[in-house]
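The file input_5.cif contains mmCIF, N, CA and C atoms:
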data_upload
#
loop_
_atom_site.label_atom_id
_atom_site.label_comp_id
_atom_site.auth_asym_id
_atom_site.auth_seq_id
_atom_site.Cartn_x
_atom_site.Cartn_y
_atom_site.Cartn_z
N MET O 1 -12.51 35.28 35.43
CA MET O 1 -11.22 35.94 35.39
C MET O 1 -11.24 36.94 34.24
N GLY O 2 -10.95 38.22 34.53
CA GLY O 2 -11.00 39.28 33.53
C GLY O 2 -9.67 39.46 32.82
N ARG O 3 -9.71 40.32 31.85
CA ARG O 3 -8.49 40.63 31.10
C ARG O 3 -7.69 41.67 31.85
N LYS O 4 -6.38 41.65 31.64
CA LYS O 4 -5.57 42.67 32.28
C LYS O 4 -5.61 43.94 31.44
N LYS O 5 -5.37 45.07 32.07
CA LYS O 5 -5.42 46.35 31.39
C LYS O 5 -4.22 46.46 30.44
N VAL O 6 -4.49 46.91 29.21
CA VAL O 6 -3.45 47.04 28.21
C VAL O 6 -2.82 48.42 28.32
N VAL O 7 -1.49 48.44 28.37
CA VAL O 7 -0.78 49.72 28.42
C VAL O 7 -0.76 50.30 27.01
N MET O 8 -1.20 51.56 26.88
CA MET O 8 -1.28 52.19 25.56
C MET O 8 0.08 52.74 25.16
N GLN O 9 0.86 51.88 24.55
CA GLN O 9 2.15 52.29 24.00
C GLN O 9 2.47 51.36 22.84
N ARG O 10 3.41 51.76 22.02
CA ARG O 10 3.78 50.99 20.83
C ARG O 10 4.28 49.61 21.25
N ILE O 11 3.81 48.59 20.53
CA ILE O 11 4.26 47.22 20.78
C ILE O 11 5.60 47.06 20.08
N GLU O 12 6.61 46.74 20.82
CA GLU O 12 7.98 46.70 20.28
C GLU O 12 8.22 45.48 19.39
N ASP O 13 7.71 44.32 19.78
CA ASP O 13 7.90 43.11 18.99
C ASP O 13 7.11 43.20 17.69
N LYS O 14 7.81 43.10 16.55
CA LYS O 14 7.20 43.30 15.24
C LYS O 14 6.07 42.30 14.97
N ASN O 15 6.30 41.02 15.28
CA ASN O 15 5.29 40.01 15.03
C ASN O 15 4.06 40.22 15.90
N SER O 16 4.27 40.53 17.18
CA SER O 16 3.15 40.80 18.08
C SER O 16 2.37 42.02 17.60
N ARG O 17 3.08 43.04 17.11
CA ARG O 17 2.43 44.25 16.61
C ARG O 17 1.56 43.94 15.41
N LYS O 18 2.07 43.09 14.47
CA LYS O 18 1.29 42.72 13.29
C LYS O 18 0.05 41.93 13.67
N VAL O 19 0.20 40.99 14.59
CA VAL O 19 -0.94 40.18 15.03
C VAL O 19 -1.98 41.07 15.71
N THR O 20 -1.53 41.95 16.58
CA THR O 20 -2.44 42.86 17.27
C THR O 20 -3.15 43.77 16.28
N PHE O 21 -2.40 44.29 15.29
CA PHE O 21 -3.00 45.14 14.27
C PHE O 21 -4.11 44.39 13.53
N SER O 22 -3.81 43.18 13.12
CA SER O 22 -4.78 42.38 12.37
C SER O 22 -6.04 42.10 13.20
N LYS O 23 -5.85 41.68 14.44
CA LYS O 23 -7.00 41.35 15.30
C LYS O 23 -7.84 42.59 15.60
N ARG O 24 -7.18 43.68 15.93
CA ARG O 24 -7.92 44.90 16.28
C ARG O 24 -8.57 45.53 15.05
N ARG O 25 -7.92 45.42 13.90
CA ARG O 25 -8.51 45.93 12.66
C ARG O 25 -9.79 45.16 12.35
N ASN O 26 -9.72 43.85 12.46
CA ASN O 26 -10.91 43.02 12.22
C ASN O 26 -12.01 43.33 13.23
N GLY O 27 -11.63 43.54 14.49
CA GLY O 27 -12.61 43.89 15.50
C GLY O 27 -13.26 45.23 15.23
N LEU O 28 -12.45 46.18 14.75
CA LEU O 28 -12.97 47.51 14.41
C LEU O 28 -13.96 47.42 13.25
N MET O 29 -13.61 46.64 12.23
CA MET O 29 -14.51 46.47 11.09
C MET O 29 -15.81 45.78 11.51
N LYS O 30 -15.70 44.79 12.41
CA LYS O 30 -16.88 44.10 12.89
C LYS O 30 -17.79 45.07 13.65
N LYS O 31 -17.20 45.91 14.52
CA LYS O 31 -17.98 46.88 15.28
C LYS O 31 -18.63 47.90 14.34
N ALA O 32 -17.91 48.32 13.30
CA ALA O 32 -18.48 49.27 12.33
C ALA O 32 -19.68 48.65 11.63
N ARG O 33 -19.55 47.40 11.24
CA ARG O 33 -20.66 46.70 10.58
C ARG O 33 -21.85 46.57 11.54
N GLU O 34 -21.58 46.23 12.80
CA GLU O 34 -22.64 46.07 13.79
C GLU O 34 -23.39 47.38 14.04
N ILE O 35 -22.64 48.47 14.24
CA ILE O 35 -23.31 49.75 14.52
C ILE O 35 -24.10 50.21 13.30
N SER O 36 -23.60 49.91 12.12
CA SER O 36 -24.32 50.26 10.90
C SER O 36 -25.67 49.55 10.83
N VAL O 37 -25.67 48.26 11.15
CA VAL O 37 -26.91 47.47 11.09
C VAL O 37 -27.84 47.82 12.25
N LEU O 38 -27.29 47.86 13.47
CA LEU O 38 -28.12 48.07 14.65
C LEU O 38 -28.75 49.46 14.69
N CYS O 39 -27.98 50.47 14.28
CA CYS O 39 -28.45 51.86 14.41
C CYS O 39 -28.91 52.45 13.09
N ASP O 40 -28.88 51.66 12.03
CA ASP O 40 -29.32 52.12 10.71
C ASP O 40 -28.64 53.44 10.35
N CYS O 41 -27.30 53.42 10.40
CA CYS O 41 -26.56 54.63 10.07
C CYS O 41 -25.45 54.29 9.07
N GLU O 42 -24.91 55.31 8.47
CA GLU O 42 -23.84 55.12 7.50
C GLU O 42 -22.50 55.20 8.22
N ILE O 43 -21.65 54.23 7.97
CA ILE O 43 -20.34 54.15 8.60
C ILE O 43 -19.29 53.97 7.51
N ALA O 44 -18.18 54.68 7.66
CA ALA O 44 -17.03 54.46 6.78
C ALA O 44 -15.79 54.39 7.65
N VAL O 45 -15.00 53.36 7.47
CA VAL O 45 -13.77 53.19 8.22
C VAL O 45 -12.65 52.91 7.23
N ILE O 46 -11.56 53.65 7.36
CA ILE O 46 -10.39 53.41 6.53
C ILE O 46 -9.20 53.25 7.47
N VAL O 47 -8.47 52.19 7.30
CA VAL O 47 -7.29 51.92 8.13
C VAL O 47 -6.10 51.72 7.21
N PHE O 48 -5.01 52.45 7.48
CA PHE O 48 -3.79 52.30 6.72
C PHE O 48 -2.75 51.62 7.61
N SER O 49 -2.16 50.54 7.11
CA SER O 49 -1.11 49.87 7.86
C SER O 49 0.19 50.63 7.68
N ASN O 50 1.19 50.29 8.49
CA ASN O 50 2.48 50.98 8.36
C ASN O 50 3.20 50.60 7.07
N SER O 51 2.73 49.55 6.40
CA SER O 51 3.34 49.17 5.11
C SER O 51 2.64 49.86 3.94
N GLY O 52 1.60 50.66 4.23
CA GLY O 52 0.91 51.41 3.18
C GLY O 52 -0.35 50.75 2.65
N LYS O 53 -0.63 49.55 3.11
CA LYS O 53 -1.87 48.89 2.67
C LYS O 53 -3.05 49.57 3.35
N HIS O 54 -4.17 49.59 2.66
CA HIS O 54 -5.36 50.16 3.28
C HIS O 54 -6.44 49.09 3.37
N TYR O 55 -7.24 49.23 4.38
CA TYR O 55 -8.38 48.35 4.62
C TYR O 55 -9.56 49.27 4.87
N HIS O 56 -10.71 48.90 4.35
CA HIS O 56 -11.84 49.79 4.51
C HIS O 56 -13.13 49.02 4.69
N PHE O 57 -14.06 49.72 5.30
CA PHE O 57 -15.43 49.25 5.41
C PHE O 57 -16.33 50.44 5.15
N SER O 58 -17.36 50.22 4.38
CA SER O 58 -18.36 51.26 4.15
C SER O 58 -19.73 50.61 4.16
N SER O 59 -20.63 51.20 4.92
CA SER O 59 -21.98 50.64 4.98
C SER O 59 -22.76 50.93 3.71
N THR O 60 -22.28 51.87 2.92
CA THR O 60 -22.87 52.15 1.61
C THR O 60 -21.73 52.14 0.59
N ASN O 61 -22.06 52.05 -0.67
CA ASN O 61 -21.01 52.03 -1.69
C ASN O 61 -20.49 53.42 -2.03
N SER O 62 -21.08 54.48 -1.46
CA SER O 62 -20.74 55.84 -1.87
C SER O 62 -19.36 56.29 -1.44
N ARG O 63 -18.81 55.69 -0.36
CA ARG O 63 -17.50 56.14 0.11
C ARG O 63 -16.43 55.09 -0.06
N CYS O 64 -16.68 54.05 -0.77
CA CYS O 64 -15.77 52.91 -0.87
C CYS O 64 -14.58 53.22 -1.79
N ILE O 65 -13.37 52.86 -1.36
CA ILE O 65 -12.20 52.97 -2.22
C ILE O 65 -12.19 51.74 -3.10
N GLU O 66 -12.09 51.93 -4.39
CA GLU O 66 -12.14 50.79 -5.29
C GLU O 66 -10.77 50.15 -5.40
N GLY O 67 -10.78 48.87 -5.69
CA GLY O 67 -9.54 48.14 -5.84
C GLY O 67 -9.29 47.24 -4.66
N SER O 68 -8.26 46.44 -4.76
CA SER O 68 -7.96 45.50 -3.69
C SER O 68 -7.06 46.17 -2.66
N ASN O 69 -6.87 45.51 -1.54
CA ASN O 69 -6.04 46.04 -0.48
C ASN O 69 -4.57 46.13 -0.86
N ASP O 70 -4.17 45.34 -1.83
CA ASP O 70 -2.77 45.33 -2.23
C ASP O 70 -2.43 46.46 -3.19
N GLU O 71 -3.43 47.07 -3.77
CA GLU O 71 -3.24 48.09 -4.79
C GLU O 71 -2.93 49.44 -4.15
N LYS O 72 -1.93 50.16 -4.68
CA LYS O 72 -1.62 51.51 -4.20
C LYS O 72 -2.50 52.49 -4.94
N HIS O 73 -2.92 53.54 -4.27
CA HIS O 73 -3.79 54.53 -4.87
C HIS O 73 -3.01 55.81 -5.12
N SER O 74 -3.43 56.52 -6.15
CA SER O 74 -2.73 57.76 -6.50
C SER O 74 -3.07 58.84 -5.49
N LEU O 75 -2.26 59.87 -5.52
CA LEU O 75 -2.47 61.01 -4.62
C LEU O 75 -3.81 61.66 -4.91
N SER O 76 -4.18 61.75 -6.18
CA SER O 76 -5.46 62.38 -6.52
C SER O 76 -6.64 61.56 -5.99
N ASP O 77 -6.52 60.22 -5.98
CA ASP O 77 -7.57 59.38 -5.40
C ASP O 77 -7.74 59.68 -3.91
N LEU O 78 -6.62 59.79 -3.23
CA LEU O 78 -6.67 60.04 -1.79
C LEU O 78 -7.16 61.46 -1.49
N ILE O 79 -6.77 62.43 -2.32
CA ILE O 79 -7.25 63.80 -2.14
C ILE O 79 -8.75 63.85 -2.37
N ASN O 80 -9.23 63.15 -3.39
CA ASN O 80 -10.67 63.08 -3.65
C ASN O 80 -11.41 62.47 -2.45
N LEU O 81 -10.85 61.40 -1.91
CA LEU O 81 -11.46 60.76 -0.75
C LEU O 81 -11.46 61.71 0.45
N GLU O 82 -10.36 62.41 0.64
CA GLU O 82 -10.28 63.37 1.74
C GLU O 82 -11.33 64.46 1.58
N ASN O 83 -11.52 64.95 0.37
CA ASN O 83 -12.53 65.97 0.12
C ASN O 83 -13.94 65.45 0.41
N GLN O 84 -14.19 64.20 0.03
CA GLN O 84 -15.50 63.60 0.33
C GLN O 84 -15.71 63.49 1.85
N LEU O 85 -14.67 63.08 2.55
CA LEU O 85 -14.77 62.96 4.00
C LEU O 85 -14.95 64.33 4.65
N ASP O 86 -14.24 65.35 4.15
CA ASP O 86 -14.41 66.71 4.67
C ASP O 86 -15.84 67.20 4.46
N ALA O 87 -16.40 66.93 3.29
CA ALA O 87 -17.78 67.34 3.02
C ALA O 87 -18.75 66.64 3.96
N ALA O 88 -18.53 65.35 4.18
CA ALA O 88 -19.40 64.60 5.10
C ALA O 88 -19.27 65.14 6.52
N LEU O 89 -18.05 65.50 6.92
CA LEU O 89 -17.82 66.05 8.24
C LEU O 89 -18.50 67.41 8.39
N ARG O 90 -18.42 68.25 7.36
CA ARG O 90 -19.10 69.55 7.38
C ARG O 90 -20.60 69.37 7.52
N ASP O 91 -21.16 68.44 6.76
CA ASP O 91 -22.60 68.17 6.83
C ASP O 91 -23.00 67.69 8.24
N THR O 92 -22.16 66.83 8.81
CA THR O 92 -22.43 66.31 10.14
C THR O 92 -22.39 67.43 11.17
N ARG O 93 -21.37 68.28 11.08
CA ARG O 93 -21.27 69.41 12.02
C ARG O 93 -22.44 70.38 11.86
N LEU O 94 -22.85 70.61 10.61
CA LEU O 94 -23.98 71.50 10.36
C LEU O 94 -25.25 70.93 11.00
N LYS O 95 -25.48 69.65 10.82
CA LYS O 95 -26.66 69.00 11.41
C LYS O 95 -26.60 69.05 12.93
N LYS O 96 -25.41 68.81 13.49
CA LYS O 96 -25.23 68.86 14.94
C LYS O 96 -25.53 70.26 15.46
N THR O 97 -25.02 71.28 14.78
CA THR O 97 -25.27 72.66 15.18
C THR O 97 -26.76 72.99 15.10
N GLN O 98 -27.41 72.54 14.02
CA GLN O 98 -28.84 72.77 13.86
C GLN O 98 -29.62 72.13 15.00
N LEU O 99 -29.30 70.90 15.36
CA LEU O 99 -29.99 70.21 16.45
C LEU O 99 -29.75 70.91 17.79
N MET O 100 -28.52 71.39 18.00
CA MET O 100 -28.22 72.10 19.24
C MET O 100 -29.00 73.42 19.31
N MET O 101 -29.11 74.14 18.20
CA MET O 101 -29.85 75.40 18.18
C MET O 101 -31.33 75.16 18.44
N GLU O 102 -31.89 74.09 17.87
CA GLU O 102 -33.28 73.74 18.13
C GLU O 102 -33.49 73.40 19.60
N SER O 103 -32.53 72.70 20.18
CA SER O 103 -32.62 72.35 21.60
C SER O 103 -32.55 73.60 22.47
N ILE O 104 -31.65 74.51 22.13
CA ILE O 104 -31.52 75.76 22.89
C ILE O 104 -32.80 76.57 22.79
N SER O 105 -33.38 76.63 21.59
CA SER O 105 -34.62 77.37 21.39
C SER O 105 -35.74 76.77 22.24
N ALA O 106 -35.84 75.46 22.25
CA ALA O 106 -36.87 74.79 23.06
C ALA O 106 -36.66 75.08 24.55
N LEU O 107 -35.40 75.10 24.97
CA LEU O 107 -35.12 75.40 26.38
C LEU O 107 -35.48 76.84 26.73
N HIS O 108 -35.23 77.78 25.81
CA HIS O 108 -35.62 79.17 26.04
C HIS O 108 -37.13 79.30 26.15
N GLN O 109 -37.86 78.59 25.31
CA GLN O 109 -39.32 78.62 25.39
C GLN O 109 -39.80 78.06 26.72
N LYS O 110 -39.17 76.98 27.14
CA LYS O 110 -39.54 76.37 28.42
C LYS O 110 -39.22 77.32 29.58
N GLU O 111 -38.09 78.00 29.49
CA GLU O 111 -37.71 78.97 30.53
C GLU O 111 -38.74 80.09 30.61
N THR O 112 -39.15 80.62 29.46
CA THR O 112 -40.15 81.69 29.42
C THR O 112 -41.47 81.22 30.05
N LYS O 113 -41.90 80.03 29.69
CA LYS O 113 -43.14 79.48 30.24
C LYS O 113 -43.03 79.32 31.76
N LEU O 114 -41.91 78.81 32.25
CA LEU O 114 -41.73 78.63 33.69
C LEU O 114 -41.70 79.97 34.43
N LYS O 115 -41.08 80.99 33.82
CA LYS O 115 -41.07 82.32 34.44
C LYS O 115 -42.49 82.88 34.54
N GLU O 116 -43.28 82.69 33.48
CA GLU O 116 -44.67 83.16 33.51
C GLU O 116 -45.47 82.43 34.59
N GLU O 117 -45.29 81.12 34.70
CA GLU O 117 -45.98 80.35 35.73
C GLU O 117 -45.54 80.81 37.12
N ASN O 118 -44.27 81.10 37.28
CA ASN O 118 -43.75 81.57 38.57
C ASN O 118 -44.37 82.92 38.93
N GLU O 119 -44.46 83.83 37.96
CA GLU O 119 -45.08 85.13 38.20
C GLU O 119 -46.55 84.97 38.59
N ASP O 120 -47.27 84.07 37.92
CA ASP O 120 -48.67 83.81 38.26
C ASP O 120 -48.80 83.31 39.70
N LEU O 121 -47.91 82.38 40.07
CA LEU O 121 -47.95 81.84 41.43
C LEU O 121 -47.63 82.92 42.46
N GLU O 122 -46.68 83.79 42.16
CA GLU O 122 -46.35 84.88 43.08
C GLU O 122 -47.54 85.82 43.25
N ARG O 123 -48.28 86.11 42.17
CA ARG O 123 -49.47 86.95 42.26
C ARG O 123 -50.53 86.28 43.13
N GLU O 124 -50.71 84.97 42.96
CA GLU O 124 -51.69 84.25 43.76
C GLU O 124 -51.31 84.28 45.24
N VAL O 125 -50.04 84.09 45.55
CA VAL O 125 -49.59 84.12 46.94
C VAL O 125 -49.82 85.50 47.53
N LYS O 126 -49.49 86.54 46.77
CA LYS O 126 -49.69 87.92 47.24
C LYS O 126 -51.17 88.19 47.50
N ALA O 127 -52.02 87.72 46.59
CA ALA O 127 -53.46 87.91 46.78
C ALA O 127 -53.95 87.18 48.02
N MET O 128 -53.46 85.99 48.25
CA MET O 128 -53.85 85.22 49.44
C MET O 128 -53.39 85.93 50.71
N ARG O 129 -52.19 86.50 50.68
CA ARG O 129 -51.69 87.24 51.86
C ARG O 129 -52.57 88.45 52.13
N ASN O 130 -52.96 89.13 51.06
CA ASN O 130 -53.82 90.30 51.23
C ASN O 130 -55.15 89.90 51.86
N VAL O 131 -55.72 88.77 51.42
CA VAL O 131 -56.97 88.29 52.00
C VAL O 131 -56.79 87.97 53.47
N VAL O 132 -55.68 87.28 53.80
CA VAL O 132 -55.42 86.90 55.19
C VAL O 132 -55.23 88.14 56.04
N GLU O 133 -54.49 89.12 55.53
CA GLU O 133 -54.26 90.36 56.29
C GLU O 133 -55.56 91.12 56.53
N SER O 134 -56.41 91.18 55.50
CA SER O 134 -57.68 91.89 55.68
C SER O 134 -58.57 91.16 56.68
N MET O 135 -58.48 89.84 56.69
CA MET O 135 -59.26 89.06 57.66
C MET O 135 -58.70 89.25 59.06
N ASN O 136 -57.37 89.43 59.16
CA ASN O 136 -56.71 89.61 60.45
C ASN O 136 -57.16 90.91 61.12
N GLU O 137 -57.40 91.92 60.30
CA GLU O 137 -57.74 93.22 60.85
C GLU O 137 -59.05 93.18 61.63
N GLY O 138 -59.96 92.37 61.21
CA GLY O 138 -61.26 92.32 61.89
C GLY O 138 -61.46 91.09 62.72
N SER O 139 -60.43 90.40 63.12
CA SER O 139 -60.61 89.15 63.87
C SER O 139 -59.91 89.21 65.21
N SER O 140 -60.20 88.25 66.05
CA SER O 140 -59.60 88.19 67.39
C SER O 140 -58.18 87.63 67.31
N HIS O 141 -57.49 87.71 68.46
CA HIS O 141 -56.11 87.20 68.54
C HIS O 141 -56.04 85.72 68.17
N HIS O 142 -56.95 84.93 68.64
CA HIS O 142 -56.97 83.49 68.37
C HIS O 142 -57.19 83.22 66.87
N GLU O 143 -58.08 83.95 66.25
CA GLU O 143 -58.34 83.79 64.81
C GLU O 143 -57.13 84.22 63.99
N ARG O 144 -56.44 85.30 64.45
CA ARG O 144 -55.24 85.77 63.74
C ARG O 144 -54.13 84.72 63.78
N ALA O 145 -53.97 84.07 64.91
CA ALA O 145 -52.94 83.03 65.04
C ALA O 145 -53.24 81.87 64.09
N THR O 146 -54.49 81.53 63.97
CA THR O 146 -54.89 80.44 63.06
C THR O 146 -54.67 80.85 61.61
N LEU O 147 -55.04 82.07 61.26
CA LEU O 147 -54.87 82.56 59.89
C LEU O 147 -53.39 82.71 59.51
N SER O 148 -52.56 83.09 60.50
CA SER O 148 -51.15 83.26 60.18
C SER O 148 -50.48 81.95 59.80
N LEU O 149 -51.05 80.83 60.21
CA LEU O 149 -50.52 79.53 59.84
C LEU O 149 -50.72 79.24 58.35
N LEU O 150 -51.63 79.95 57.72
CA LEU O 150 -51.92 79.73 56.31
C LEU O 150 -50.80 80.22 55.39
N TYR O 151 -50.01 81.15 55.87
CA TYR O 151 -48.92 81.63 55.00
C TYR O 151 -47.60 81.68 55.66
#
Any chance you could give the structure as structure tokens?
Amino acid sequence: MGRKKVVMQRIEDKNSRKVTFSKRRNGLMKKAREISVLCDCEIAVIVFSNSGKHYHFSSTNSRCIEGSNDEKHSLSDLINLENQLDAALRDTRLKKTQLMMESISALHQKETKLKEENEDLEREVKAMRNVVESMNEGSSHHERATLSLLY
């Protein structure tokens, strides 16, 4: 028996909303930890509750917000964190763009090679037709019919 589909809308009951938030937050942190270990990548997750508490996970200590979950952080702390995240996002986009450009370049090289191979094959076909036509000129009707099957 499977689970029923969850309607994506705000949970009206306050207690149910808090329980759902807690369970899904823990599930999100668990998934972040798993992907970090399984894929050997850096993960940072920050979740802010509607009461202002924050919860975080970082696979490295470089992006971790210091202090406990109950502690409020200053605006400058959050701005600093935002700047760090923006820098990481820029680096990620730069790397993605670089990989896409390398892929495009490789595809262009492959396209050029395939065009050259196609031109070579067309030359070979043309040469074969010329041979068949020259053979047709000096052969009988029966031989021409047989040769015409070649192309």
Expansion of the PyMOL selection byres (((chain O and resi 46 and name CA) around 7) and name CA) into residues, as a ChimeraX atom specification: /O:44-45,47-48,54-57
Interatomic distance, atom N of O:Val19 to atom N of O:Ser49 (Å, one decimal): 12.4 Å
Secondary structure check, strand (DSSP E) residues of chain O, as JSON, numbers by chain: {"O": [44, 45, 46, 47, 48, 54, 55, 56, 57, 58]}
For atom C of O:Ser22 and atom N of O:Lys53, the interatomic separation in Å (one decimal):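 Taking atom C of O:Ser22 and atom N of O:Lys53, their separation equals 13.7 Å.
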All helix (DSSP H, G or I) positions in stretch 21-116 of chain O, as a ChimeraX atom specification: /O:21-39,61-63,75-116
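Atom CA of O:Arg24 sits 14.9 Å away from atom CA of O:Val7.
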Which of O:Asn83, O:Ser36, O:Thr20, O:Ser74 sits closest to O:Thr60 [using only C-alpha atoms]: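 The shortest atom-to-atom distance to O:Thr60 comes from O:Ser36.
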